[in-house]
file upload21.txt (compact mmCIF, C-alpha atoms)
# COMPACT_ATOMS: atom_id res chain seq x y z
CA MET A 509 4.23 23.00 -9.66
CA LYS A 510 5.05 22.63 -13.32
CA ASN A 511 2.58 21.20 -15.79
CA GLN A 512 3.35 19.86 -19.23
CA PRO A 513 0.87 21.65 -21.53
CA ASN A 514 -1.73 19.31 -22.98
CA ALA A 515 0.27 16.35 -21.67
CA GLN A 516 -1.38 12.96 -21.57
CA LEU A 517 0.06 9.61 -20.65
CA LYS A 518 -0.91 6.21 -22.00
CA ALA A 519 -1.47 3.05 -20.00
CA LYS A 520 -0.62 -0.23 -21.68
CA ALA A 521 -2.64 -2.99 -20.06
CA PHE A 522 -1.42 -6.56 -19.61
CA TYR A 523 -3.44 -9.68 -18.89
CA SER A 524 -1.68 -11.99 -16.43
CA GLY A 525 -4.10 -14.89 -16.82
CA PHE A 526 -6.20 -14.44 -13.66
CA PRO A 527 -9.85 -13.71 -14.61
CA HIS A 528 -10.90 -13.09 -10.98
CA ALA A 529 -8.19 -10.53 -10.17
CA HIS A 530 -9.41 -7.93 -7.69
CA ASP A 531 -7.92 -4.76 -6.22
CA THR A 532 -4.34 -5.01 -5.00
CA TYR A 533 -2.71 -2.57 -2.60
CA LEU A 534 1.07 -2.02 -2.51
CA ALA A 535 2.11 -5.52 -3.65
CA LEU A 536 4.17 -4.35 -6.63
CA SER A 537 7.96 -3.83 -6.56
CA ARG A 538 11.04 -3.86 -8.76
CA GLY A 539 13.64 -6.50 -7.96
CA SER A 540 17.41 -6.10 -8.24
CA ASP A 541 17.18 -8.17 -11.43
CA GLY A 542 15.13 -5.36 -13.02
CA LYS A 543 11.97 -7.42 -13.12
CA ILE A 544 8.61 -6.31 -11.71
CA TYR A 545 7.10 -8.56 -9.04
CA TYR A 546 3.42 -8.28 -8.16
CA ILE A 547 0.40 -10.00 -6.68
CA LEU A 548 -3.17 -10.04 -7.99
CA SER A 549 -5.81 -10.42 -5.30
CA SER A 550 -8.82 -12.68 -5.03
CA GLU A 551 -12.17 -12.07 -3.32
CA ILE A 552 -13.23 -15.70 -3.78
CA PRO A 553 -13.16 -17.58 -0.45
CA ASP A 554 -11.45 -20.69 -1.82
CA GLU A 555 -9.26 -19.03 -4.49
CA GLY A 556 -5.84 -17.75 -3.51
CA GLY A 557 -4.17 -14.61 -4.81
CA LYS A 558 -1.58 -15.05 -7.55
CA PHE A 559 2.12 -14.09 -7.47
CA TYR A 560 3.66 -12.99 -10.80
CA VAL A 561 6.83 -11.56 -12.32
CA PHE A 562 6.99 -9.28 -15.37
CA ASP A 563 10.15 -9.02 -17.49
CA PRO A 564 10.42 -5.54 -19.07
CA THR A 565 12.93 -6.76 -21.66
CA ASN A 566 10.35 -8.91 -23.47
CA ASP A 567 7.00 -8.11 -21.76
CA GLU A 568 6.82 -11.71 -20.53
CA ILE A 569 4.64 -12.53 -17.52
CA THR A 570 5.25 -15.64 -15.44
CA LEU A 571 3.01 -17.05 -12.72
CA LEU A 572 5.24 -17.86 -9.75
CA ALA A 573 2.77 -19.19 -7.18
CA ASP A 574 -0.71 -19.34 -5.77
CA LEU A 575 -0.53 -17.70 -2.33
CA THR A 576 -2.49 -20.43 -0.57
CA ASP A 577 -0.20 -23.08 -2.04
CA ALA A 578 2.87 -21.03 -1.13
CA CYS A 579 1.71 -21.01 2.50
CA GLY A 580 1.34 -24.79 2.52
CA GLU A 581 -2.44 -24.57 2.90
CA LYS A 582 -3.59 -26.14 -0.35
CA ASP A 583 -5.35 -29.02 1.46
CA LEU A 584 -6.39 -27.07 4.55
CA ASN A 585 -9.87 -26.36 3.16
CA ALA A 586 -9.87 -22.94 4.80
CA ILE A 587 -10.55 -19.40 3.59
CA ALA A 588 -7.77 -18.70 1.10
CA GLN A 589 -4.74 -16.44 1.29
CA GLY A 590 -6.49 -14.02 -1.01
CA LYS A 591 -4.00 -11.21 -1.29
CA SER A 592 -0.90 -9.41 -0.17
CA HIS A 593 -1.05 -5.86 1.18
CA VAL A 594 2.69 -5.14 1.38
CA GLU A 595 5.62 -4.28 -0.85
CA PHE A 596 8.47 -6.69 -1.54
CA TYR A 597 11.72 -6.20 0.40
CA GLU A 598 14.92 -7.70 -0.97
CA ALA A 599 17.83 -9.09 1.04
CA ASP A 600 20.55 -11.53 -0.09
CA GLY A 601 18.73 -12.42 -3.30
CA LYS A 602 15.39 -13.07 -1.63
CA LEU A 603 12.14 -11.11 -1.72
CA TYR A 604 10.30 -10.86 1.59
CA PHE A 605 6.54 -10.25 1.72
CA ALA A 606 3.38 -11.38 3.51
CA THR A 607 -0.19 -12.52 2.85
CA HIS A 608 -3.60 -11.20 3.78
CA VAL A 609 -7.22 -12.30 3.69
CA GLY A 610 -9.12 -11.36 0.53
CA TYR A 611 -12.60 -12.56 1.43
CA TYR A 612 -14.62 -10.57 3.97
CA GLU A 613 -17.89 -10.89 5.84
CA MET A 614 -20.26 -7.95 6.09
CA ILE A 615 -20.85 -7.36 9.81
CA ASP A 616 -22.65 -4.23 11.03
CA GLY A 617 -22.46 -2.81 7.52
CA MET A 618 -18.66 -3.12 7.27
CA GLU A 619 -16.21 -5.56 5.73
CA ARG A 620 -14.80 -7.63 8.60
CA LEU A 621 -12.62 -10.68 9.13
CA PRO A 622 -15.01 -13.61 8.58
CA GLU A 623 -16.58 -15.09 11.69
CA ASN A 624 -18.69 -17.53 9.66
CA ALA A 625 -16.82 -19.43 6.97
CA PRO A 626 -18.79 -20.08 3.74
CA ASP A 627 -19.42 -23.40 2.02
CA GLY A 628 -18.01 -25.55 4.78
CA LEU A 629 -14.60 -23.91 4.75
CA ALA A 630 -12.58 -23.40 7.90
CA LEU A 631 -11.95 -19.84 9.09
CA TYR A 632 -8.99 -17.88 7.80
CA PRO A 633 -5.83 -19.32 9.43
CA GLY A 634 -3.87 -16.04 9.46
CA GLY A 635 -1.43 -14.31 7.15
CA HIS A 636 2.03 -15.71 6.51
CA PHE A 637 5.46 -14.14 6.19
CA LEU A 638 7.20 -15.52 3.11
CA SER A 639 10.47 -15.29 1.22
CA TYR A 640 11.04 -15.93 -2.47
CA ASP A 641 14.48 -16.85 -3.79
CA ILE A 642 14.99 -14.99 -7.07
CA GLN A 643 17.58 -17.47 -8.35
CA ASN A 644 15.95 -20.84 -7.66
CA GLY A 645 12.30 -19.81 -7.33
CA LYS A 646 11.80 -21.44 -3.93
CA ILE A 647 9.29 -19.95 -1.51
CA LYS A 648 9.83 -20.36 2.21
CA ASP A 649 7.22 -19.95 4.94
CA LEU A 650 8.76 -17.85 7.72
CA GLY A 651 5.87 -17.71 10.17
CA ILE A 652 2.20 -16.92 10.67
CA MET A 653 0.36 -13.90 12.04
CA PRO A 654 -1.17 -14.58 15.49
CA HIS A 655 -4.92 -14.74 16.20
CA GLY A 656 -5.85 -15.69 12.63
CA GLU A 657 -5.42 -12.12 11.36
CA GLY A 658 -4.03 -10.90 8.06
CA VAL A 659 -0.87 -8.89 7.49
CA LEU A 660 -2.06 -5.36 6.73
CA SER A 661 1.25 -3.52 6.62
CA MET A 662 4.90 -4.47 6.89
CA ALA A 663 8.41 -3.05 6.70
CA MET A 664 11.78 -4.75 6.78
CA ASP A 665 15.24 -3.81 7.97
CA VAL A 666 17.06 -5.63 5.18
CA LEU A 667 20.47 -5.08 6.78
CA ARG A 668 19.60 -6.72 10.10
CA LYS A 669 16.82 -8.97 8.68
CA GLN A 670 14.09 -7.75 11.01
CA ILE A 671 10.42 -7.49 9.96
CA LEU A 672 7.70 -5.46 11.65
CA ALA A 673 4.04 -5.83 10.73
CA ILE A 674 0.57 -4.67 11.74
CA SER A 675 -2.29 -7.17 11.69
CA TRP A 676 -5.82 -6.66 10.38
CA PRO A 677 -8.38 -6.09 11.71
CA SER A 678 -7.32 -5.69 15.36
CA GLY A 679 -3.97 -3.98 14.89
CA TYR A 680 -1.44 -6.22 16.65
CA LEU A 681 2.16 -5.16 16.25
CA VAL A 682 4.18 -8.25 15.32
CA HIS A 683 7.95 -8.57 15.10
CA LEU A 684 9.69 -11.31 13.11
CA ASP A 685 13.41 -11.87 13.53
CA VAL A 686 14.30 -13.58 10.25
CA ASN A 687 17.65 -14.69 11.67
CA THR A 688 16.07 -16.76 14.46
CA GLY A 689 12.57 -17.31 13.06
CA LYS A 690 11.02 -15.92 16.26
CA VAL A 691 7.60 -14.26 15.85
CA GLN A 692 6.69 -11.95 18.73
CA ASN A 693 3.30 -10.28 19.31
CA MET A 694 3.90 -6.88 20.90
CA GLY A 695 0.20 -6.17 21.51
CA LEU A 696 -2.43 -3.81 20.12
CA ILE A 697 -1.30 -0.45 18.80
CA SER A 698 -4.56 1.54 18.55
CA HIS A 699 -7.54 0.48 20.70
CA LYS A 700 -9.23 -2.43 18.81
CA GLY A 701 -8.22 -1.21 15.38
CA GLU A 702 -10.69 -1.89 12.59
CA ALA A 703 -12.28 -4.69 14.62
CA GLY A 704 -13.58 -2.11 17.09
CA LYS A 705 -17.02 -0.58 17.44
CA VAL A 706 -17.56 2.53 15.37
CA GLY A 707 -17.80 5.61 17.56
CA ASN A 708 -16.06 3.85 20.42
CA ASP A 709 -12.89 1.75 20.07
CA TYR A 710 -12.74 1.66 16.25
CA ARG A 711 -9.49 3.05 14.79
CA VAL A 712 -8.29 2.90 11.19
CA LEU A 713 -4.81 1.34 11.02
CA CYS A 714 -1.56 2.55 9.50
CA ARG A 715 -0.89 1.15 6.01
CA SER A 716 2.79 2.05 5.78
CA LEU A 717 5.59 1.39 8.24
CA LEU A 718 9.03 2.99 8.10
CA ASN A 719 12.45 1.55 8.84
CA ASP A 720 15.43 3.81 9.55
CA PRO A 721 18.33 1.66 8.30
CA SER A 722 20.89 3.74 10.19
CA THR A 723 19.45 2.72 13.56
CA GLY A 724 17.29 -0.32 12.79
CA LYS A 725 14.27 1.35 14.39
CA PHE A 726 10.78 1.27 12.90
CA TYR A 727 8.06 3.94 12.91
CA PHE A 728 4.30 3.94 12.37
CA SER A 729 1.39 6.34 12.84
CA THR A 730 -2.08 6.16 14.38
CA SER A 731 -5.35 7.75 13.33
CA GLU A 732 -5.07 10.16 16.27
CA GLY A 733 -1.88 11.48 14.65
CA ASP A 734 0.66 10.02 17.05
CA ILE A 735 3.93 8.56 15.77
CA TYR A 736 5.34 5.48 17.47
CA CYS A 737 8.81 3.97 17.41
CA PHE A 738 9.61 0.26 17.66
CA ASP A 739 13.14 -0.73 18.62
CA PRO A 740 13.87 -4.44 18.03
CA GLN A 741 16.81 -4.40 20.42
CA PRO A 742 17.31 -5.86 22.89
CA GLU A 743 13.89 -7.48 23.47
CA GLY A 744 11.68 -5.20 21.40
CA SER A 745 9.41 -2.41 22.60
CA PHE A 746 7.38 0.42 21.12
CA TYR A 747 6.68 3.88 22.47
CA LYS A 748 5.07 7.16 21.39
CA LEU A 749 7.32 9.99 20.24
CA LYS A 750 6.80 12.97 22.55
CA ASP A 751 7.98 15.86 20.41
CA VAL A 752 6.31 15.27 17.04
CA ASN A 753 2.87 14.29 15.70
CA LEU A 754 0.65 14.48 12.60
CA ARG A 755 -2.18 16.56 14.04
CA LEU A 756 -1.76 19.40 11.58
CA ASP A 757 -4.48 21.83 10.56
CA TYR A 758 -3.45 21.50 6.91
CA PHE A 759 -4.32 17.80 6.98
CA GLY A 760 -7.95 18.52 7.94
CA GLN A 761 -10.10 17.62 10.93
CA TYR A 762 -10.92 14.00 11.79
CA ASP A 763 -12.78 11.92 14.35
CA PRO A 764 -10.53 8.86 14.83
CA THR A 765 -13.48 6.73 16.00
CA GLN A 766 -15.20 6.99 12.60
CA PRO A 767 -14.41 5.04 9.40
CA GLY A 768 -14.17 6.51 5.92
CA SER A 769 -10.73 8.12 6.07
CA MET A 770 -7.21 7.42 7.33
CA GLY A 771 -7.63 10.13 9.95
CA TYR A 772 -4.30 11.72 10.83
CA ASN A 773 -2.34 8.63 9.73
CA TRP A 774 0.26 9.12 7.08
CA ARG A 775 -0.82 7.24 3.98
CA LYS A 776 2.59 6.25 2.63
CA VAL A 777 6.09 6.96 3.89
CA ILE A 778 9.46 6.16 2.29
CA TRP A 779 13.08 6.44 3.40
CA ASN A 780 15.46 8.77 1.56
CA GLU A 781 18.97 7.43 2.08
CA LYS A 782 20.70 10.50 0.65
CA GLU A 783 19.25 12.84 3.30
CA GLY A 784 18.76 10.34 6.11
CA VAL A 785 15.10 11.35 6.48
CA ALA A 786 11.71 10.07 5.39
CA TYR A 787 9.22 11.58 2.98
CA GLY A 788 5.54 10.84 3.36
CA VAL A 789 2.16 11.84 2.05
CA HIS A 790 -1.06 12.40 3.97
CA GLY A 791 -3.88 10.72 2.10
CA ASN A 792 -6.90 13.00 2.14
CA SER A 793 -5.09 16.30 1.88
CA GLY A 794 -2.24 15.15 -0.37
CA TYR A 795 0.40 17.06 1.56
CA LEU A 796 3.99 15.93 1.16
CA PHE A 797 6.00 16.10 4.38
CA LYS A 798 9.51 15.37 5.61
CA PHE A 799 9.99 13.35 8.81
CA ASP A 800 13.32 13.26 10.64
CA PRO A 801 13.07 10.42 13.17
CA GLN A 802 16.34 11.11 14.94
CA ASN A 803 15.51 14.76 15.61
CA GLN A 804 11.78 13.99 16.01
CA SER A 805 10.78 16.73 13.60
CA LEU A 806 8.18 16.91 10.83
CA GLU A 807 7.71 19.69 8.29
CA LEU A 808 5.34 20.18 5.38
CA VAL A 809 6.94 20.44 1.95
CA GLU A 810 4.07 21.15 -0.44
CA ARG A 811 0.70 19.85 -1.55
CA LEU A 812 1.70 17.02 -3.88
CA THR A 813 -1.51 16.55 -5.83
CA SER A 814 -2.49 16.86 -9.47
CA LEU A 815 -2.65 20.39 -10.80
CA PRO A 816 -6.45 20.21 -11.24
CA SER A 817 -6.73 19.08 -7.59
CA ARG A 818 -4.66 22.06 -6.47
CA LYS A 819 -6.82 24.44 -8.42
CA SER A 820 -10.05 22.92 -7.09
CA GLY A 821 -8.80 22.94 -3.49
CA MET A 822 -10.64 19.67 -2.83
CA PHE A 823 -9.52 16.41 -1.23
CA ASP A 824 -9.09 13.20 -3.23
CA GLN A 825 -12.22 11.28 -4.14
CA PHE A 826 -10.47 8.17 -2.87
CA SER A 827 -11.04 8.86 0.82
CA TYR A 828 -7.98 7.01 2.11
CA GLY A 829 -5.62 8.68 -0.37
CA TYR A 830 -3.25 6.84 -2.67
CA LEU A 831 -0.45 4.36 -1.93
CA GLY A 832 1.33 4.66 -5.28
CA PHE A 833 4.18 6.73 -3.79
CA GLN A 834 7.77 5.63 -4.31
CA LEU A 835 11.34 6.84 -4.75
CA GLY A 836 12.69 6.37 -8.28
CA PRO A 837 15.93 4.60 -9.31
CA ASP A 838 17.92 7.85 -9.09
CA GLY A 839 17.26 8.00 -5.34
CA GLU A 840 16.12 11.62 -5.49
CA THR A 841 12.85 11.72 -7.45
CA ILE A 842 9.52 10.78 -5.87
CA TYR A 843 6.90 9.25 -8.16
CA TYR A 844 3.27 9.55 -7.12
CA LEU A 845 0.13 8.22 -8.78
CA THR A 846 -2.82 10.21 -7.51
CA GLY A 847 -6.28 11.39 -8.50
CA GLY A 848 -7.48 14.43 -10.35
CA PRO A 849 -10.98 15.87 -10.59
CA ILE A 850 -13.01 15.26 -13.73
CA TYR A 851 -14.92 18.12 -15.30
CA GLN A 852 -17.97 17.81 -17.52
CA GLU A 853 -19.30 20.92 -19.24
CA GLY A 854 -17.06 22.98 -16.99
CA LYS A 855 -18.36 21.52 -13.75
CA ARG A 856 -16.42 19.24 -11.42
CA LEU A 857 -17.97 15.81 -10.86
CA VAL A 858 -18.87 15.60 -7.17
CA GLY A 859 -18.93 12.27 -5.35
CA GLU A 860 -20.49 11.16 -2.09
CA LYS A 861 -19.88 13.35 0.96
CA GLN A 862 -19.29 10.40 3.29
CA ILE A 863 -18.75 6.68 2.88
CA ALA A 864 -18.66 3.92 5.49
CA LYS A 865 -15.17 2.70 4.66
CA GLY A 866 -12.12 3.73 2.69
CA GLY A 867 -12.91 3.80 -1.00
CA ALA A 868 -13.81 6.03 -3.90
CA LYS A 869 -16.45 8.66 -3.23
CA GLY A 870 -16.61 9.29 -6.97
CA LEU A 871 -14.77 8.91 -10.26
CA GLU A 872 -11.37 10.57 -10.67
CA SER A 873 -8.76 10.65 -13.38
CA LEU A 874 -5.27 9.28 -12.64
CA HIS A 875 -2.20 11.57 -12.78
CA LEU A 876 1.52 10.90 -12.52
CA ILE A 877 3.28 13.45 -10.32
CA THR A 878 7.02 13.64 -9.76
CA TYR A 879 8.86 15.61 -7.11
CA HIS A 880 12.60 16.21 -7.46
CA ILE A 881 13.97 16.44 -3.92
CA PRO A 882 17.22 18.38 -4.50
CA SER A 883 15.58 21.13 -6.56
CA GLY A 884 12.25 21.11 -4.71
CA SER A 885 10.36 21.07 -8.02
CA SER A 886 7.24 19.05 -8.80
CA THR A 887 5.65 18.20 -12.13
CA ASP A 888 2.20 17.01 -13.10
CA HIS A 889 2.84 14.82 -16.14
CA GLY A 890 -0.84 14.78 -16.99
CA PRO A 891 -3.78 12.38 -16.83
CA ILE A 892 -3.41 8.72 -17.82
CA PHE A 893 -5.71 6.94 -20.27
CA TYR A 894 -6.13 3.51 -21.78
CA PRO A 895 -6.04 3.43 -25.62
CA ASP A 896 -9.85 3.43 -25.73
CA GLY A 897 -10.01 6.63 -23.65
CA SER A 898 -11.10 4.99 -20.39
CA ILE A 899 -9.35 5.68 -17.07
CA PRO A 900 -7.28 3.35 -14.86
CA THR A 901 -8.94 3.34 -11.42
CA TYR A 902 -8.31 2.04 -7.88
CA VAL A 903 -4.57 2.45 -8.32
CA ASN A 904 -2.69 1.97 -5.04
CA SER A 905 0.69 0.67 -6.16
CA ILE A 906 3.69 1.81 -8.16
CA ALA A 907 7.05 0.51 -9.37
CA ILE A 908 9.67 2.14 -11.58
CA ASP A 909 12.04 0.00 -13.63
CA PHE A 910 15.68 0.86 -14.32
CA GLN A 911 14.70 2.49 -17.64
CA GLY A 912 12.30 4.84 -15.86
CA LYS A 913 9.09 3.15 -17.00
CA VAL A 914 6.28 3.33 -14.46
CA TYR A 915 4.07 0.38 -13.51
CA ALA A 916 0.92 0.04 -11.44
CA LEU A 917 -1.97 -2.31 -10.82
CA ALA A 918 -5.27 -0.87 -12.01
CA ARG A 919 -8.84 -1.76 -12.80
CA MET A 920 -9.59 -2.42 -16.46
CA GLN A 921 -12.25 -4.01 -18.63
CA SER A 922 -11.65 -7.52 -19.92
CA GLU A 923 -13.67 -10.31 -21.53
CA PHE A 924 -14.35 -11.49 -17.97
CA GLY A 925 -15.68 -8.11 -16.83
CA GLU A 926 -13.81 -5.61 -14.72
CA ILE A 927 -10.57 -6.95 -13.26
CA GLN A 928 -7.35 -5.47 -11.91
CA ASP A 929 -4.03 -6.16 -13.60
CA LEU A 930 -0.65 -4.73 -14.53
CA ILE A 931 -0.29 -1.51 -16.52
CA GLN A 932 2.79 0.21 -17.95
CA ILE A 933 2.62 4.01 -18.16
CA SER A 934 4.42 5.98 -20.87
CA ALA A 935 4.17 9.23 -22.83
CA ASP A 936 4.19 7.47 -26.23

call {"tool": "encode", "arguments": {"input": "upload21.txt", "output": "structure tokens"}}
result
Amino acid sequence: MKNQPNAQLKAKAFYSGFPHAHDTYLALSRGSDGKIYYILSSEIPDEGGKFYVFDPTNDEITLLADLTDACGEKDLNAIAQGKSHVEFYEADGKLYFATHVGYYEMIDGMERLPENAPDGLALYPGGHFLSYDIQNGKIKDLGIMPHGEGVLSMAMDVLRKQILAISWPSGYLVHLDVNTGKVQNMGLISHKGEAGKVGNDYRVLCRSLLNDPSTGKFYFSTSEGDIYCFDPQPEGSFYKLKDVNLRLDYFGQYDPTQPGSMGYNWRKVIWNEKEGVAYGVHGNSGYLFKFDPQNQSLELVERLTSLPSRKSGMFDQFSYGYLGFQLGPDGETIYYLTGGPIYQEGKRLVGEKQIAKGGAKGLESLHLITYHIPSGSSTDHGPIFYPDGSIPTYVNSIAIDFQGKVYALARMQSEFGEIQDLIQISAD
């Protein structure tokens, strides 16, 4: 891995106008128009998440919609559509995405789907699949997730207009045929998912699904390390791949029945059209791997972490690993926003050994890593700082515009306290 000596990157923070903005995962993408689309989440039970667009040509931010309103639930008086947990997929001038619950109830010491609605509200009605027309700004409701669950992860075959999603907390696999509007529940994918009992039928769920555009098939992982395939045709079915899995010694050792990590799940996986394979990253260990779905093979490439992380030999402080992993506009460079250990007086800051759910065990710096696929070379571009010297944290999203500028959603201090909002990362 190359390192730029004494390199540091700067994060320019933007305020989108939402004083309650909370942590957003994945919901940040570049559109074909060059603009950056993103969603800021809400923890407030009756306040929906907010959908925005950023124009890099003039740094203008426009509020496009409140998620609850976009789902037609403004007068429902139910727990709001607090966030989105998926990227945007574009087909025929429309962006496709989905909504998720942002307000949780603490049950048995864990954040769960509310069973008791606060302040007279109705229970969460379930996440929606939506499309946004870039030209006319119209949002269309395409369907709702069964059983009142949120949409945790989603991928789309933009050629055939097929969507596959995993629900939270139970882990239902749901197929939406955009052409017909049919929503089909394929059943549970991993015991009772994150609705299960810890130590028994609890399983952390996959946050990133993969579509192979050459075949139309989808792929996802489980915390036990199995890889499953879903084939939408003719009626839709999913099955476990027999000849490949993620149970690798280099990833570490995990008990799938326990929370606090992603287990053997891949954290984020992306399709590389030029090679006809996928690249993914395992969260805790930070290992980059290559997955060939047609030949059912998986091979490790290298440990794609910050240089200080490599030298320390330690896992990320964010126990789930980072989702800010994306292919750049050139189609051959992977961009990855990940953590790096912080040292004070020569000693590494050590966080908690174990936490009850996925989150930060301790404070880390944020580094931008790139990996150039054809040459097999990786570069740590250095830690990222705000102008006042503070660190962007809880970063689990990334987008790269056509000029190569990098964007993410990160925690920052504001006049309203700590919020999460858009940042632009640059060397100057």

call {"tool": "closest_residue", "arguments": {"input": "upload21.txt", "among": "A:Ala916, A:Leu930, A:Ile881, A:Leu815", "to": "Leu796 in chain A", "atoms": "all atoms listed in the file"}}
result
A:Ile881

call {"tool": "closest_residue", "arguments": {"input": "upload21.txt", "among": "A:Tyr597, A:Phe637, A:Phe605, A:Phe522", "to": "Phe559 in chain A", "atoms": "only C-alpha atoms"}}
result
A:Phe605

call {"tool": "closest_residue", "arguments": {"input": "upload21.txt", "among": "A:Met509, A:Leu629, A:Cys714, A:Val706", "to": "Thr878 in chain A", "atoms": "all atoms listed in the file"}}
result
A:Met509

call {"tool": "closest_residue", "arguments": {"input": "upload21.txt", "among": "A:Lys690, A:His699, A:Gly836, A:Pro849", "to": "Ser820 in chain A", "atoms": "all atoms listed in the file"}}
result
A:Pro849

call {"tool": "residues_near_point", "arguments": {"input": "upload21.txt", "point": "(10.1, 14.2, 16.2)", "cutoff": "6 Å", "atoms": "all atoms listed in the file", "output": "ChimeraX atom specification"}}
result
/A:751-752,801,803-805

call {"tool": "residues_around", "arguments": {"input": "upload21.txt", "residues": "range 891-893 of chain A", "least_positions_apart": "4", "cutoff": "6 Å", "atoms": "all atoms listed in the file", "output": "mmCIF file with C-alpha atoms, in the coordinates of the input"}}
result
data_model
loop_
_atom_site.group_PDB
_atom_site.id
_atom_site.type_symbol
_atom_site.label_atom_id
_atom_site.label_comp_id
_atom_site.auth_asym_id
_atom_site.auth_seq_id
_atom_site.Cartn_x
_atom_site.Cartn_y
_atom_site.Cartn_z
ATOM 1 C CA GLN A 516 -1.380 12.960 -21.570
ATOM 2 C CA LEU A 517 0.060 9.610 -20.650
ATOM 3 C CA LYS A 518 -0.910 6.210 -22.000
ATOM 4 C CA ALA A 519 -1.470 3.050 -20.000
ATOM 5 C CA LEU A 874 -5.270 9.280 -12.640
ATOM 6 C CA HIS A 875 -2.200 11.570 -12.780
ATOM 7 C CA GLY A 897 -10.010 6.630 -23.650
ATOM 8 C CA SER A 898 -11.100 4.990 -20.390
ATOM 9 C CA ILE A 899 -9.350 5.680 -17.070
#

call {"tool": "atom_distance", "arguments": {"input": "upload21.txt", "atom1": "CA of Val914 in chain A", "atom2": "CA of Tyr843 in chain A"}}
result
8.7 Å

call {"tool": "closest_residue", "arguments": {"input": "upload21.txt", "among": "A:Ser817, A:Thr576, A:Thr730, A:Ser793", "to": "Tyr772 in chain A", "atoms": "only C-alpha atoms"}}
result
A:Thr730

call {"tool": "decode", "arguments": {"input": "upload21.txt", "residues": "range 879-890 of chain A", "atoms": "N, CA and C atoms", "output": "PDB file, in the first residue's frame"}}
result
ATOM      1  N   TYR A 879      -8.279   1.871  -4.331  1.00  0.00           N
ATOM      2  CA  TYR A 879      -7.654   0.660  -4.849  1.00  0.00           C
ATOM      3  C   TYR A 879      -7.879   0.626  -6.351  1.00  0.00           C
ATOM      4  N   HIS A 880      -6.778   0.643  -7.113  1.00  0.00           N
ATOM      5  CA  HIS A 880      -6.861   0.620  -8.564  1.00  0.00           C
ATOM      6  C   HIS A 880      -6.827  -0.828  -9.027  1.00  0.00           C
ATOM      7  N   ILE A 881      -7.952  -1.300  -9.575  1.00  0.00           N
ATOM      8  CA  ILE A 881      -8.105  -2.723  -9.878  1.00  0.00           C
ATOM      9  C   ILE A 881      -7.099  -3.223 -10.917  1.00  0.00           C
ATOM     10  N   PRO A 882      -6.925  -2.556 -12.066  1.00  0.00           N
ATOM     11  CA  PRO A 882      -6.015  -3.103 -13.067  1.00  0.00           C
ATOM     12  C   PRO A 882      -4.574  -3.249 -12.592  1.00  0.00           C
ATOM     13  N   SER A 883      -4.084  -2.294 -11.811  1.00  0.00           N
ATOM     14  CA  SER A 883      -2.700  -2.348 -11.355  1.00  0.00           C
ATOM     15  C   SER A 883      -2.535  -3.057 -10.020  1.00  0.00           C
ATOM     16  N   GLY A 884      -3.662  -3.267  -9.313  1.00  0.00           N
ATOM     17  CA  GLY A 884      -3.586  -3.919  -8.007  1.00  0.00           C
ATOM     18  C   GLY A 884      -2.917  -3.066  -6.953  1.00  0.00           C
ATOM     19  N   SER A 885      -2.939  -1.749  -7.112  1.00  0.00           N
ATOM     20  CA  SER A 885      -2.282  -0.848  -6.161  1.00  0.00           C
ATOM     21  C   SER A 885      -3.303  -0.103  -5.317  1.00  0.00           C
ATOM     22  N   SER A 886      -2.981   0.063  -4.049  1.00  0.00           N
ATOM     23  CA  SER A 886      -3.863   0.795  -3.133  1.00  0.00           C
ATOM     24  C   SER A 886      -3.106   1.963  -2.524  1.00  0.00           C
ATOM     25  N   THR A 887      -3.864   3.007  -2.183  1.00  0.00           N
ATOM     26  CA  THR A 887      -3.271   4.220  -1.625  1.00  0.00           C
ATOM     27  C   THR A 887      -4.101   4.710  -0.453  1.00  0.00           C
ATOM     28  N   ASP A 888      -3.410   5.010   0.646  1.00  0.00           N
ATOM     29  CA  ASP A 888      -4.040   5.693   1.769  1.00  0.00           C
ATOM     30  C   ASP A 888      -3.790   7.181   1.567  1.00  0.00           C
ATOM     31  N   HIS A 889      -4.856   7.929   1.283  1.00  0.00           N
ATOM     32  CA  HIS A 889      -4.722   9.353   1.005  1.00  0.00           C
ATOM     33  C   HIS A 889      -4.655  10.199   2.270  1.00  0.00           C
ATOM     34  N   GLY A 890      -4.693   9.547   3.416  1.00  0.00           N
ATOM     35  CA  GLY A 890      -4.501  10.250   4.672  1.00  0.00           C
ATOM     36  C   GLY A 890      -5.784  10.467   5.445  1.00  0.00           C
TER      37      GLY A 890
END
